[in-house]
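Have a look at the structure below before the remarks.
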Amino acid sequence: MKVRSFIWKCLHNIVPLNVNLFQRKMPVYRMCPKCGNEPESVDHMLFHCEQAVRVWLLSAFRFRPEEMQIARFEEVWNNLGHVIKVNVDGAFDKAKGRGGVGVVLRDDKGEVLQMYSIPIHWAHSAEMVEALEFKLAVEEMQRCEGSAFVLEGDAQRVIRMLQQKNQCSANLEVIISDVLVLLRRFSACFF
Ligand SMILES: [Zn+2]
C-alpha cells in the first residue's frame, strides 16, 4: 500500500521533493540534496540521480536508466502495465559444435505470445550460443507491441556483458553490440 501511494504521488507529481516545495514558495534549495547536480524532481530521484543509478544496478533489475533511454517515470509506469516477459534458453553440443536456442514471450497475464526456436549450426562455445539466445530474443521483441520487457535467462556472463560492454570477450563483441543496438529501441528492459 505504501508503494502504491508513493507511485500515485509520483504520477501526480505531489511528492514533497525540493522542486515541488520550491514551486510552492517554500524556503528550500531546488537542487537534489544527494548529488547537487540537478533539481530534485521525480524523474531525477528515480532515474537520473547517481544514487538512483547505483540502486538500479544493484537491484534484481540491474538496468541502466541512461542506456535504456528512460525518459519519464510516467512513461515507464504506463509501459509497465503491459510488460512482456521473455525467457531464453539454449543448448550446446561441444563435440559437434552445434546447438539450439529457444525464446518464449509472455504477456503480463502469462499467456504465450510467441514461441520460437532455431538450430545453431555452428558455434565455438556455449557462451556464443547464450549470446545468440539474447540476439534472437531481442529480434522477437521487435515484433511485439510493447516497450517494456523483462528478459530472463540463466546466462549470467552474457547478461554481465550486456550490462558492462567492456567486460565483453572479443569473439562475442559483434553479437553483443547487435543486441545492445536493438535494445535501444525499447523504453525499458530489465534483466
Ligand atoms: Zn541527485
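Identifiers in the C-alpha cells: chain A, B, ... in order shown; residue index from 1 per chain; ligand index from 1 in order shown.
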Which residues sit within 10 Å of ligand 1, counting only C-alpha atoms and all ligand atoms, listed as a compact mmCIF listing (two decimals) with C-alpha atoms, in the first residue's frame?
# COMPACT_ATOMS: atom_id res chain seq x y z
CA MET A 31 18.68 21.01 -6.21
CA CYS A 32 18.95 17.33 -5.30
CA PRO A 33 20.33 17.04 -1.75
CA LYS A 34 22.09 13.79 -2.65
CA CYS A 35 24.14 14.82 -5.67
CA GLY A 36 23.53 18.55 -6.07
CA ASN A 37 23.76 18.21 -9.87
CA GLU A 38 20.15 18.68 -10.94
CA PRO A 39 16.86 19.91 -9.48
CA GLU A 40 15.27 17.24 -7.29
CA SER A 41 12.33 16.11 -9.46
CA ASP A 43 12.47 11.66 -12.70
CA HIS A 44 15.76 12.76 -11.21
CA MET A 45 15.10 10.95 -7.93
CA LEU A 46 14.04 7.71 -9.65
CA PHE A 47 16.27 7.52 -12.69
CA HIS A 48 18.88 10.18 -13.17
CA CYS A 49 20.44 10.77 -9.77
CA GLU A 50 23.74 8.93 -9.48
CA GLN A 51 22.45 7.32 -6.31
CA ALA A 52 19.33 6.03 -8.15
CA VAL A 53 21.51 4.66 -10.93
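Here CA of Ala126 in chain A and CA of Gln114 in chain A stand 24.3 Å from one another.
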>> Residues within 12 Å of Ser125 in chain A, please, as JSON, numbers by chain. Count only C-alpha atoms; anything in the same chain fewer than 6 positions from it doesn't count.
In response: {"A": [90, 91, 92, 93, 94, 95, 96, 97, 98, 99, 131, 132, 169, 171, 172]}
>> I'd like to know which residues of range 11-132 of chain A are strand (DSSP E or B) (by DSSP, run on the backbone); could you write them as a PyMOL selection string?
In response: chain A and resi 31+39+84-93+98-106+112-120
> Out of chain A, which residues get helix (DSSP H, G or I) from DSSP, as a ChimeraX atom specification?
Replying inline: /A:2-11,18-23,42-48,50-58,73-80,126-142,156-163,165-167,170-183
Restrict the selected residues to C-alpha atoms and save them as a compact mmCIF listing (two decimals), in the first residue's frame.
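Written out: out_23.txt:
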# COMPACT_ATOMS: atom_id res chain seq x y z
CA LYS A 2 2.85 2.35 0.82
CA VAL A 3 4.39 1.67 -2.58
CA ARG A 4 1.04 2.25 -4.29
CA SER A 5 0.54 5.54 -2.59
CA PHE A 6 4.11 6.56 -3.44
CA ILE A 7 3.54 5.72 -7.12
CA TRP A 8 0.27 7.65 -7.10
CA LYS A 9 2.07 10.64 -5.65
CA CYS A 10 4.82 10.33 -8.25
CA LEU A 11 2.30 10.20 -11.10
CA ASN A 18 12.59 20.17 -3.49
CA VAL A 19 11.34 21.18 -6.95
CA ASN A 20 7.72 20.97 -5.84
CA LEU A 21 8.35 22.66 -2.49
CA PHE A 22 10.27 25.43 -4.24
CA GLN A 23 7.37 25.98 -6.64
CA VAL A 42 10.54 12.74 -9.62
CA ASP A 43 12.47 11.66 -12.70
CA HIS A 44 15.76 12.76 -11.21
CA MET A 45 15.10 10.95 -7.93
CA LEU A 46 14.04 7.71 -9.65
CA PHE A 47 16.27 7.52 -12.69
CA HIS A 48 18.88 10.18 -13.17
CA GLU A 50 23.74 8.93 -9.48
CA GLN A 51 22.45 7.32 -6.31
CA ALA A 52 19.33 6.03 -8.15
CA VAL A 53 21.51 4.66 -10.93
CA ARG A 54 23.56 2.74 -8.36
CA VAL A 55 20.44 1.35 -6.68
CA TRP A 56 19.04 0.16 -10.03
CA LEU A 57 22.32 -1.53 -10.84
CA LEU A 58 22.39 -3.37 -7.53
CA PHE A 73 8.53 8.00 -14.81
CA GLU A 74 5.01 8.31 -16.19
CA GLU A 75 6.08 6.75 -19.48
CA VAL A 76 7.82 3.86 -17.76
CA TRP A 77 4.89 3.26 -15.45
CA ASN A 78 2.39 3.24 -18.32
CA ASN A 79 4.53 0.74 -20.14
CA LEU A 80 4.80 -1.48 -17.10
CA ALA A 126 28.33 -22.41 -25.03
CA GLU A 127 28.76 -18.70 -24.37
CA MET A 128 28.32 -17.94 -28.04
CA VAL A 129 25.05 -19.90 -28.04
CA GLU A 130 23.99 -17.90 -24.98
CA ALA A 131 24.77 -14.61 -26.72
CA LEU A 132 22.75 -15.80 -29.73
CA GLU A 133 19.82 -16.58 -27.40
CA PHE A 134 19.69 -12.93 -26.45
CA LYS A 135 20.00 -11.80 -30.04
CA LEU A 136 17.09 -13.98 -31.07
CA ALA A 137 15.09 -12.73 -28.07
CA VAL A 138 15.53 -9.04 -28.90
CA GLU A 139 14.74 -9.71 -32.55
CA GLU A 140 11.48 -11.32 -31.45
CA MET A 141 10.81 -8.43 -29.07
CA GLN A 142 10.82 -6.02 -32.06
CA GLN A 156 24.88 -14.72 -16.26
CA ARG A 157 28.12 -13.99 -18.10
CA VAL A 158 26.30 -12.78 -21.20
CA ILE A 159 23.98 -10.64 -19.05
CA ARG A 160 27.05 -9.08 -17.46
CA MET A 161 28.47 -8.36 -20.90
CA LEU A 162 25.23 -6.62 -21.87
CA GLN A 163 25.36 -4.54 -18.72
CA LYS A 165 30.16 -3.77 -22.54
CA ASN A 166 33.81 -3.50 -21.52
CA GLN A 167 33.52 -6.97 -19.97
CA ALA A 170 36.42 -10.27 -28.11
CA ASN A 171 34.83 -13.12 -30.04
CA LEU A 172 31.35 -12.18 -28.86
CA GLU A 173 31.68 -8.45 -29.38
CA VAL A 174 29.74 -8.35 -32.65
CA ILE A 175 26.75 -10.25 -31.28
CA ILE A 176 26.68 -8.27 -28.02
CA SER A 177 26.86 -4.96 -29.93
CA ASP A 178 23.94 -6.03 -32.13
CA VAL A 179 21.86 -6.88 -29.05
CA LEU A 180 22.67 -3.54 -27.43
CA VAL A 181 21.71 -1.59 -30.56
CA LEU A 182 18.39 -3.46 -30.78
CA LEU A 183 17.72 -2.90 -27.06
